[in-house]
Each structure stands twice: as C-alpha cells, then as structure tokens.
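Asker: Coordinates in structure.pdb, PDB, N, CA and C atoms, are listed below.
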ATOM      1  N   MET X   1     -21.042   0.825  -8.876
ATOM      2  CA  MET X   1     -19.756   0.271  -8.564
ATOM      3  C   MET X   1     -18.643   1.248  -8.933
ATOM      4  N   LYS X   2     -18.932   2.126  -9.876
ATOM      5  CA  LYS X   2     -17.932   3.078 -10.330
ATOM      6  C   LYS X   2     -17.445   3.954  -9.179
ATOM      7  N   TYR X   3     -18.368   4.428  -8.355
ATOM      8  CA  TYR X   3     -18.002   5.335  -7.279
ATOM      9  C   TYR X   3     -17.340   4.612  -6.111
ATOM     10  N   VAL X   4     -17.584   3.334  -5.962
ATOM     11  CA  VAL X   4     -16.932   2.572  -4.908
ATOM     12  C   VAL X   4     -15.452   2.406  -5.227
ATOM     13  N   LYS X   5     -15.144   2.164  -6.477
ATOM     14  CA  LYS X   5     -13.761   1.956  -6.882
ATOM     15  C   LYS X   5     -13.002   3.263  -7.068
ATOM     16  N   GLU X   6     -13.716   4.353  -7.242
ATOM     17  CA  GLU X   6     -13.086   5.638  -7.510
ATOM     18  C   GLU X   6     -12.443   6.194  -6.243
ATOM     19  N   ASP X   7     -11.141   6.378  -6.280
ATOM     20  CA  ASP X   7     -10.386   7.016  -5.203
ATOM     21  C   ASP X   7     -10.577   6.309  -3.864
ATOM     22  N   TRP X   8     -10.588   4.991  -3.874
ATOM     23  CA  TRP X   8     -10.868   4.233  -2.661
ATOM     24  C   TRP X   8      -9.730   4.286  -1.662
ATOM     25  N   ILE X   9      -8.521   4.484  -2.118
ATOM     26  CA  ILE X   9      -7.387   4.543  -1.195
ATOM     27  C   ILE X   9      -7.487   5.786  -0.320
ATOM     28  N   ARG X  10      -7.805   6.920  -0.923
ATOM     29  CA  ARG X  10      -7.937   8.166  -0.156
ATOM     30  C   ARG X  10      -9.104   8.076   0.814
ATOM     31  N   ARG X  11     -10.212   7.542   0.360
ATOM     32  CA  ARG X  11     -11.388   7.419   1.222
ATOM     33  C   ARG X  11     -11.113   6.476   2.390
ATOM     34  N   SER X  12     -10.476   5.366   2.108
ATOM     35  CA  SER X  12     -10.161   4.404   3.170
ATOM     36  C   SER X  12      -9.159   4.988   4.159
ATOM     37  N   SER X  13      -8.212   5.754   3.655
ATOM     38  CA  SER X  13      -7.225   6.349   4.557
ATOM     39  C   SER X  13      -7.873   7.401   5.456
ATOM     40  N   ILE X  14      -8.850   8.128   4.951
ATOM     41  CA  ILE X  14      -9.569   9.099   5.786
ATOM     42  C   ILE X  14     -10.309   8.385   6.904
ATOM     43  N   VAL X  15     -10.987   7.306   6.567
ATOM     44  CA  VAL X  15     -11.710   6.536   7.583
ATOM     45  C   VAL X  15     -10.734   5.976   8.610
ATOM     46  N   LEU X  16      -9.604   5.480   8.160
ATOM     47  CA  LEU X  16      -8.602   4.929   9.053
ATOM     48  C   LEU X  16      -8.049   5.996   9.993
ATOM     49  N   VAL X  17      -7.721   7.166   9.463
ATOM     50  CA  VAL X  17      -7.167   8.239  10.285
ATOM     51  C   VAL X  17      -8.180   8.711  11.322
ATOM     52  N   VAL X  18      -9.422   8.903  10.917
ATOM     53  CA  VAL X  18     -10.454   9.332  11.867
ATOM     54  C   VAL X  18     -10.653   8.273  12.940
ATOM     55  N   SER X  19     -10.658   7.016  12.567
ATOM     56  CA  SER X  19     -10.810   5.935  13.547
ATOM     57  C   SER X  19      -9.648   5.907  14.525
ATOM     58  N   LEU X  20      -8.444   6.105  14.029
ATOM     59  CA  LEU X  20      -7.281   6.130  14.910
ATOM     60  C   LEU X  20      -7.328   7.308  15.875
ATOM     61  N   ILE X  21      -7.771   8.461  15.405
ATOM     62  CA  ILE X  21      -7.867   9.635  16.275
ATOM     63  C   ILE X  21      -8.902   9.408  17.371
ATOM     64  N   VAL X  22     -10.063   8.901  16.992
ATOM     65  CA  VAL X  22     -11.112   8.644  17.984
ATOM     66  C   VAL X  22     -10.643   7.591  18.977
ATOM     67  N   SER X  23      -9.992   6.551  18.513
ATOM     68  CA  SER X  23      -9.486   5.508  19.406
ATOM     69  C   SER X  23      -8.438   6.069  20.361
ATOM     70  N   ALA X  24      -7.550   6.917  19.859
ATOM     71  CA  ALA X  24      -6.530   7.512  20.716
ATOM     72  C   ALA X  24      -7.161   8.413  21.774
ATOM     73  N   LEU X  25      -8.172   9.172  21.390
ATOM     74  CA  LEU X  25      -8.850  10.029  22.367
ATOM     75  C   LEU X  25      -9.555   9.207  23.434
ATOM     76  N   LEU X  26     -10.221   8.137  23.040
ATOM     77  CA  LEU X  26     -10.893   7.288  24.019
ATOM     78  C   LEU X  26      -9.894   6.561  24.912
ATOM     79  N   TRP X  27      -8.757   6.173  24.352
ATOM     80  CA  TRP X  27      -7.737   5.512  25.150
ATOM     81  C   TRP X  27      -7.175   6.463  26.196
ATOM     82  N   THR X  28      -6.893   7.712  25.808
ATOM     83  CA  THR X  28      -6.380   8.677  26.781
ATOM     84  C   THR X  28      -7.437   8.990  27.836
ATOM     85  N   LEU X  29      -8.693   8.977  27.458
ATOM     86  CA  LEU X  29      -9.762   9.193  28.435
ATOM     87  C   LEU X  29      -9.810   8.047  29.445
ATOM     88  N   SER X  30      -9.530   6.840  28.991
ATOM     89  CA  SER X  30      -9.573   5.694  29.911
ATOM     90  C   SER X  30      -8.433   5.729  30.923
ATOM     91  N   LEU X  31      -7.409   6.515  30.675
ATOM     92  CA  LEU X  31      -6.281   6.608  31.605
ATOM     93  C   LEU X  31      -6.455   7.698  32.658
ATOM     94  N   THR X  32      -7.537   8.449  32.616
ATOM     95  CA  THR X  32      -7.742   9.545  33.557
ATOM     96  C   THR X  32      -8.234   9.027  34.903
ATOM     97  N   ASP X  33      -8.112   9.884  35.914
ATOM     98  CA  ASP X  33      -8.615   9.550  37.248
ATOM     99  C   ASP X  33     -10.130   9.396  37.238
ATOM    100  N   TRP X  34     -10.789  10.176  36.404
ATOM    101  CA  TRP X  34     -12.253  10.104  36.308
ATOM    102  C   TRP X  34     -12.692   8.700  35.885
ATOM    103  N   ALA X  35     -12.020   8.138  34.898
ATOM    104  CA  ALA X  35     -12.373   6.794  34.430
ATOM    105  C   ALA X  35     -12.076   5.751  35.506
ATOM    106  N   ALA X  36     -10.973   5.922  36.223
ATOM    107  CA  ALA X  36     -10.640   4.983  37.296
ATOM    108  C   ALA X  36     -11.693   5.035  38.397
ATOM    109  N   THR X  37     -12.156   6.238  38.720
ATOM    110  CA  THR X  37     -13.205   6.382  39.727
ATOM    111  C   THR X  37     -14.492   5.719  39.268
ATOM    112  N   MET X  38     -14.840   5.914  38.005
ATOM    113  CA  MET X  38     -16.052   5.302  37.470
ATOM    114  C   MET X  38     -15.960   3.777  37.501
ATOM    115  N   ASN X  39     -14.817   3.238  37.157
ATOM    116  CA  ASN X  39     -14.639   1.782  37.142
ATOM    117  C   ASN X  39     -14.715   1.190  38.547
ATOM    118  N   THR X  40     -14.071   1.837  39.516
ATOM    119  CA  THR X  40     -14.104   1.291  40.876
ATOM    120  C   THR X  40     -15.491   1.421  41.476
ATOM    121  N   ALA X  41     -16.188   2.507  41.206
ATOM    122  CA  ALA X  41     -17.539   2.687  41.731
ATOM    123  C   ALA X  41     -18.476   1.636  41.147
ATOM    124  N   GLU X  42     -18.303   1.295  39.907
ATOM    125  CA  GLU X  42     -19.158   0.299  39.259
ATOM    126  C   GLU X  42     -18.888  -1.097  39.810
ATOM    127  N   HIS X  43     -17.633  -1.426  40.014
ATOM    128  CA  HIS X  43     -17.300  -2.764  40.497
ATOM    129  C   HIS X  43     -17.653  -2.946  41.974
ATOM    130  N   LEU X  44     -17.541  -1.888  42.749
ATOM    131  CA  LEU X  44     -17.824  -2.000  44.170
ATOM    132  C   LEU X  44     -19.314  -1.895  44.477
ATOM    133  N   GLY X  45     -20.076  -1.471  43.518
ATOM    134  CA  GLY X  45     -21.508  -1.336  43.741
ATOM    135  C   GLY X  45     -21.855  -0.122  44.577
ATOM    136  N   ASN X  46     -21.084   0.946  44.468
ATOM    137  CA  ASN X  46     -21.323   2.161  45.248
ATOM    138  C   ASN X  46     -22.311   3.109  44.597
ATOM    139  N   HIS X  47     -23.078   2.647  43.682
ATOM    140  CA  HIS X  47     -24.057   3.519  43.038
ATOM    141  C   HIS X  47     -25.416   3.259  43.673
ATOM    142  N   PRO X  48     -26.253   4.280  43.743
ATOM    143  CA  PRO X  48     -27.573   4.095  44.359
ATOM    144  C   PRO X  48     -28.413   3.098  43.564
ATOM    145  N   GLU X  49     -29.258   2.410  44.268
ATOM    146  CA  GLU X  49     -30.134   1.436  43.619
ATOM    147  C   GLU X  49     -31.101   2.152  42.687
ATOM    148  N   ARG X  50     -31.220   1.629  41.492
ATOM    149  CA  ARG X  50     -32.103   2.218  40.492
ATOM    150  C   ARG X  50     -33.138   1.197  40.079
ATOM    151  N   GLU X  51     -34.203   1.737  39.549
ATOM    152  CA  GLU X  51     -35.221   0.844  39.001
ATOM    153  C   GLU X  51     -34.730   0.292  37.665
ATOM    154  N   ALA X  52     -35.206  -0.868  37.334
ATOM    155  CA  ALA X  52     -34.874  -1.447  36.034
ATOM    156  C   ALA X  52     -35.581  -0.644  34.944
ATOM    157  N   PRO X  53     -34.919  -0.411  33.812
ATOM    158  CA  PRO X  53     -35.570   0.333  32.731
ATOM    159  C   PRO X  53     -36.743  -0.469  32.162
ATOM    160  N   PRO X  54     -37.679   0.234  31.537
ATOM    161  CA  PRO X  54     -38.798  -0.481  30.919
ATOM    162  C   PRO X  54     -38.307  -1.470  29.867
ATOM    163  N   ALA X  55     -39.063  -2.510  29.666
ATOM    164  CA  ALA X  55     -38.662  -3.577  28.741
ATOM    165  C   ALA X  55     -38.492  -3.077  27.318
ATOM    166  N   ILE X  56     -39.329  -2.125  26.913
ATOM    167  CA  ILE X  56     -39.227  -1.612  25.539
ATOM    168  C   ILE X  56     -37.873  -0.941  25.300
ATOM    169  N   LEU X  57     -37.325  -0.278  26.336
ATOM    170  CA  LEU X  57     -36.017   0.358  26.186
ATOM    171  C   LEU X  57     -34.908  -0.675  26.027
ATOM    172  N   MET X  58     -35.089  -1.822  26.601
ATOM    173  CA  MET X  58     -34.084  -2.871  26.472
ATOM    174  C   MET X  58     -33.965  -3.351  25.024
ATOM    175  N   PHE X  59     -35.026  -3.189  24.238
ATOM    176  CA  PHE X  59     -34.988  -3.568  22.824
ATOM    177  C   PHE X  59     -34.579  -2.406  21.933
ATOM    178  N   ILE X  60     -34.926  -1.186  22.304
ATOM    179  CA  ILE X  60     -34.663  -0.015  21.467
ATOM    180  C   ILE X  60     -33.232   0.493  21.631
ATOM    181  N   MET X  61     -32.704   0.488  22.842
ATOM    182  CA  MET X  61     -31.392   1.081  23.099
ATOM    183  C   MET X  61     -30.251   0.457  22.289
ATOM    184  N   PRO X  62     -30.196  -0.844  22.069
ATOM    185  CA  PRO X  62     -29.109  -1.366  21.222
ATOM    186  C   PRO X  62     -29.155  -0.818  19.791
ATOM    187  N   PHE X  63     -30.340  -0.621  19.258
ATOM    188  CA  PHE X  63     -30.447  -0.058  17.907
ATOM    189  C   PHE X  63     -29.987   1.391  17.875
ATOM    190  N   ILE X  64     -30.343   2.146  18.909
ATOM    191  CA  ILE X  64     -29.911   3.546  18.989
ATOM    192  C   ILE X  64     -28.391   3.602  19.131
ATOM    193  N   LYS X  65     -27.837   2.721  19.937
ATOM    194  CA  LYS X  65     -26.388   2.680  20.142
ATOM    195  C   LYS X  65     -25.657   2.393  18.829
ATOM    196  N   VAL X  66     -26.099   1.388  18.112
ATOM    197  CA  VAL X  66     -25.452   1.044  16.843
ATOM    198  C   VAL X  66     -25.596   2.179  15.840
ATOM    199  N   THR X  67     -26.778   2.786  15.808
ATOM    200  CA  THR X  67     -27.006   3.891  14.882
ATOM    201  C   THR X  67     -26.081   5.057  15.185
ATOM    202  N   LEU X  68     -25.977   5.439  16.440
ATOM    203  CA  LEU X  68     -25.112   6.560  16.803
ATOM    204  C   LEU X  68     -23.639   6.238  16.568
ATOM    205  N   LEU X  69     -23.230   5.026  16.899
ATOM    206  CA  LEU X  69     -21.833   4.663  16.699
ATOM    207  C   LEU X  69     -21.469   4.514  15.230
ATOM    208  N   THR X  70     -22.452   4.453  14.361
ATOM    209  CA  THR X  70     -22.204   4.429  12.926
ATOM    210  C   THR X  70     -22.267   5.829  12.338
ATOM    211  N   ILE X  71     -23.250   6.610  12.758
ATOM    212  CA  ILE X  71     -23.471   7.929  12.172
ATOM    213  C   ILE X  71     -22.406   8.935  12.589
ATOM    214  N   ILE X  72     -21.965   8.905  13.837
ATOM    215  CA  ILE X  72     -20.996   9.905  14.298
ATOM    216  C   ILE X  72     -19.674   9.811  13.538
ATOM    217  N   PRO X  73     -19.034   8.636  13.405
ATOM    218  CA  PRO X  73     -17.808   8.590  12.591
ATOM    219  C   PRO X  73     -18.052   8.939  11.120
ATOM    220  N   ALA X  74     -19.211   8.553  10.597
ATOM    221  CA  ALA X  74     -19.516   8.894   9.206
ATOM    222  C   ALA X  74     -19.641  10.406   9.042
ATOM    223  N   ALA X  75     -20.262  11.070   9.997
ATOM    224  CA  ALA X  75     -20.398  12.529   9.923
ATOM    225  C   ALA X  75     -19.038  13.212  10.045
ATOM    226  N   ILE X  76     -18.173  12.681  10.908
ATOM    227  CA  ILE X  76     -16.826  13.243  11.037
ATOM    228  C   ILE X  76     -16.063  13.087   9.728
ATOM    229  N   CYS X  77     -16.155  11.920   9.110
ATOM    230  CA  CYS X  77     -15.482  11.686   7.822
ATOM    231  C   CYS X  77     -16.021  12.616   6.746
ATOM    232  N   LEU X  78     -17.325  12.785   6.711
ATOM    233  CA  LEU X  78     -17.935  13.680   5.733
ATOM    234  C   LEU X  78     -17.448  15.112   5.942
ATOM    235  N   PHE X  79     -17.360  15.543   7.196
ATOM    236  CA  PHE X  79     -16.864  16.883   7.492
ATOM    237  C   PHE X  79     -15.418  17.042   7.031
ATOM    238  N   VAL X  80     -14.585  16.053   7.286
ATOM    239  CA  VAL X  80     -13.174  16.126   6.890
ATOM    240  C   VAL X  80     -13.051  16.194   5.377
ATOM    241  N   VAL X  81     -13.805  15.383   4.663
ATOM    242  CA  VAL X  81     -13.739  15.378   3.201
ATOM    243  C   VAL X  81     -14.206  16.715   2.636
ATOM    244  N   ARG X  82     -15.323  17.220   3.143
ATOM    245  CA  ARG X  82     -15.820  18.506   2.633
ATOM    246  C   ARG X  82     -14.889  19.657   2.995
ATOM    247  N   ALA X  83     -14.305  19.627   4.179
ATOM    248  CA  ALA X  83     -13.353  20.664   4.561
ATOM    249  C   ALA X  83     -12.120  20.610   3.667
ATOM    250  N   ALA X  84     -11.653  19.414   3.355
ATOM    251  CA  ALA X  84     -10.485  19.276   2.478
ATOM    252  C   ALA X  84     -10.803  19.793   1.079
ATOM    253  N   ARG X  85     -11.990  19.484   0.573
ATOM    254  CA  ARG X  85     -12.390  20.002  -0.744
ATOM    255  C   ARG X  85     -12.492  21.520  -0.729
ATOM    256  N   TRP X  86     -13.035  22.057   0.361
ATOM    257  CA  TRP X  86     -13.196  23.505   0.464
ATOM    258  C   TRP X  86     -11.825  24.185   0.489
ATOM    259  N   VAL X  87     -10.898  23.649   1.274
ATOM    260  CA  VAL X  87      -9.551  24.216   1.336
ATOM    261  C   VAL X  87      -8.868  24.084  -0.022
ATOM    262  N   LYS X  88      -9.062  22.953  -0.672
ATOM    263  CA  LYS X  88      -8.457  22.742  -1.990
ATOM    264  C   LYS X  88      -8.991  23.757  -3.001
ATOM    265  N   SER X  89     -10.299  24.023  -2.965
ATOM    266  CA  SER X  89     -10.869  24.992  -3.898
ATOM    267  C   SER X  89     -10.388  26.412  -3.595
ATOM    268  N   ILE X  90     -10.212  26.738  -2.324
ATOM    269  CA  ILE X  90      -9.698  28.073  -1.947
ATOM    270  C   ILE X  90      -8.273  28.229  -2.457
ATOM    271  N   VAL X  91      -7.457  27.199  -2.243
ATOM    272  CA  VAL X  91      -6.063  27.265  -2.677
ATOM    273  C   VAL X  91      -5.994  27.345  -4.202
ATOM    274  N   LYS X  92      -6.813  26.549  -4.871
ATOM    275  CA  LYS X  92      -6.813  26.539  -6.333
ATOM    276  C   LYS X  92      -7.256  27.898  -6.872
ATOM    277  N   THR X  93      -8.301  28.470  -6.292
ATOM    278  CA  THR X  93      -8.790  29.776  -6.720
ATOM    279  C   THR X  93      -7.759  30.857  -6.427
ATOM    280  N   GLY X  94      -7.110  30.762  -5.282
ATOM    281  CA  GLY X  94      -6.088  31.740  -4.916
ATOM    282  C   GLY X  94      -4.906  31.688  -5.840
ATOM    283  N   LEU X  95      -4.514  30.501  -6.298
ATOM    284  CA  LEU X  95      -3.394  30.367  -7.213
ATOM    285  C   LEU X  95      -3.719  30.936  -8.582
ATOM    286  N   HIS X  96      -4.968  30.778  -9.033
ATOM    287  CA  HIS X  96      -5.356  31.313 -10.342
ATOM    288  C   HIS X  96      -5.415  32.831 -10.298
ATOM    289  N   MET X  97      -5.787  33.408  -9.179
ATOM    290  CA  MET X  97      -5.878  34.860  -9.064
ATOM    291  C   MET X  97      -4.502  35.505  -9.057
ATOM    292  N   GLN X  98      -3.479  34.806  -8.549
ATOM    293  CA  GLN X  98      -2.140  35.362  -8.489
ATOM    294  C   GLN X  98      -1.470  35.358  -9.862
ATOM    295  N   GLN X  99      -1.874  34.477 -10.753
ATOM    296  CA  GLN X  99      -1.200  34.386 -12.054
ATOM    297  C   GLN X  99      -1.683  35.409 -12.975
TER
END
What does this structure look like when you write it as structure tokens?
Answerer:
Amino acid sequence: MKYVKEDWIRRSSIVLVVSLIVSALLWTLSLTDWAATMNTAEHLGNHPEREAPPAILMFIMPFIKVTLLTIIPAAICLFVVRAARWVKSIVKTGLHMQQ
C-alpha cells in the first residue's frame, strides 16, 4: 500500500495526460476523409462478402483486444515516466558538474 499512496498525484496526472493525448489523436483521426470513407463503406455494405471467422476466434479476440488496450497505454506511461527520470538525472548530474 505504501507504493500506491506514494506520489499518486503525479502518477495519476501522467495517466490522465497520456489518455487525453491518445483521445485527441483518435478524435482528429475520426474527422479525416479516410474515416468518413470507412464509415460510409461499412454502412452501405460495399465491402466484399467474407467468411465468418472461426468460432474459437470469437472467444479469443475480445481478450486480445482488452489486453492490448490495457498494455499499450501502460507501456506509454512507463516510457514517459522513465524518460522523465532519465532527463531529471541528466539535468541533476549536469548541474553538479558545473558547480
């Protein structure tokens, strides 16, 4: 519990900022002509007829989707935190060398 309470505001703000950035990028993507074309093609049924996926994939794909949608933002947050620590250590080391 000690580590959950430690510096939770900074950690939560990092998650919030990354989520806002990803949401903004996806929102801008939804406004493109490419997305409009994809939406109209899907609604009009202009896609070639495909076979139904195997039944096992119908059970596995939701788990893969949830896993990826959880791991990707977590990896981005981890990268941001480690990059911030690395920059902080460089700046701290650089300041000690100048004195």
Asker: Please compute the atom N of X:Trp86-atom CA of X:Ser13 distance, one decimal, in Å.
Answerer: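 Result for atom N of X:Trp86 versus atom CA of X:Ser13: 17.3 Å, one decimal.
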Asker: Grab the atom N of X:Val18 to atom N of X:Cys77 distance for me, in Å with one decimal place.
Answerer: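 According to the coordinates, atom N of X:Val18 and atom N of X:Cys77 are separated by 7.6 Å.
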Asker: Have a look at X:Pro62, X:Thr28, X:Leu78, X:Ala55 and name the one nearest to X:Ile14; count only C-alpha atoms.
Answerer: X:Leu78
Asker: Quick one, how far is atom CA of X:Ile64 from atom CA of X:Arg10?
Answerer: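 According to the coordinates, atom CA of X:Ile64 and atom CA of X:Arg10 are separated by 29.5 Å.
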Asker: Using the file's own x, y and z axes, so that the box edges lie along x, y and z, what centre and edge lengths in Å (one decimal) does a box around every listed atom of stretch 32-36 of chain X get when 3 Å is added on each side? Give it as AutoDock Vina command-line options.
Answerer:
--center_x -10.1 --center_y 7.6 --center_z 35.5 --size_x 11.2 --size_y 11.2 --size_z 11.8
Asker: Looking at X:Ser30, X:Thr40, X:Ser19, X:Thr93, which one is nearest to X:Ile72, with distances taken over only C-alpha atoms?
Answerer: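 So, comparing all the options, the nearest one is X:Ser19.
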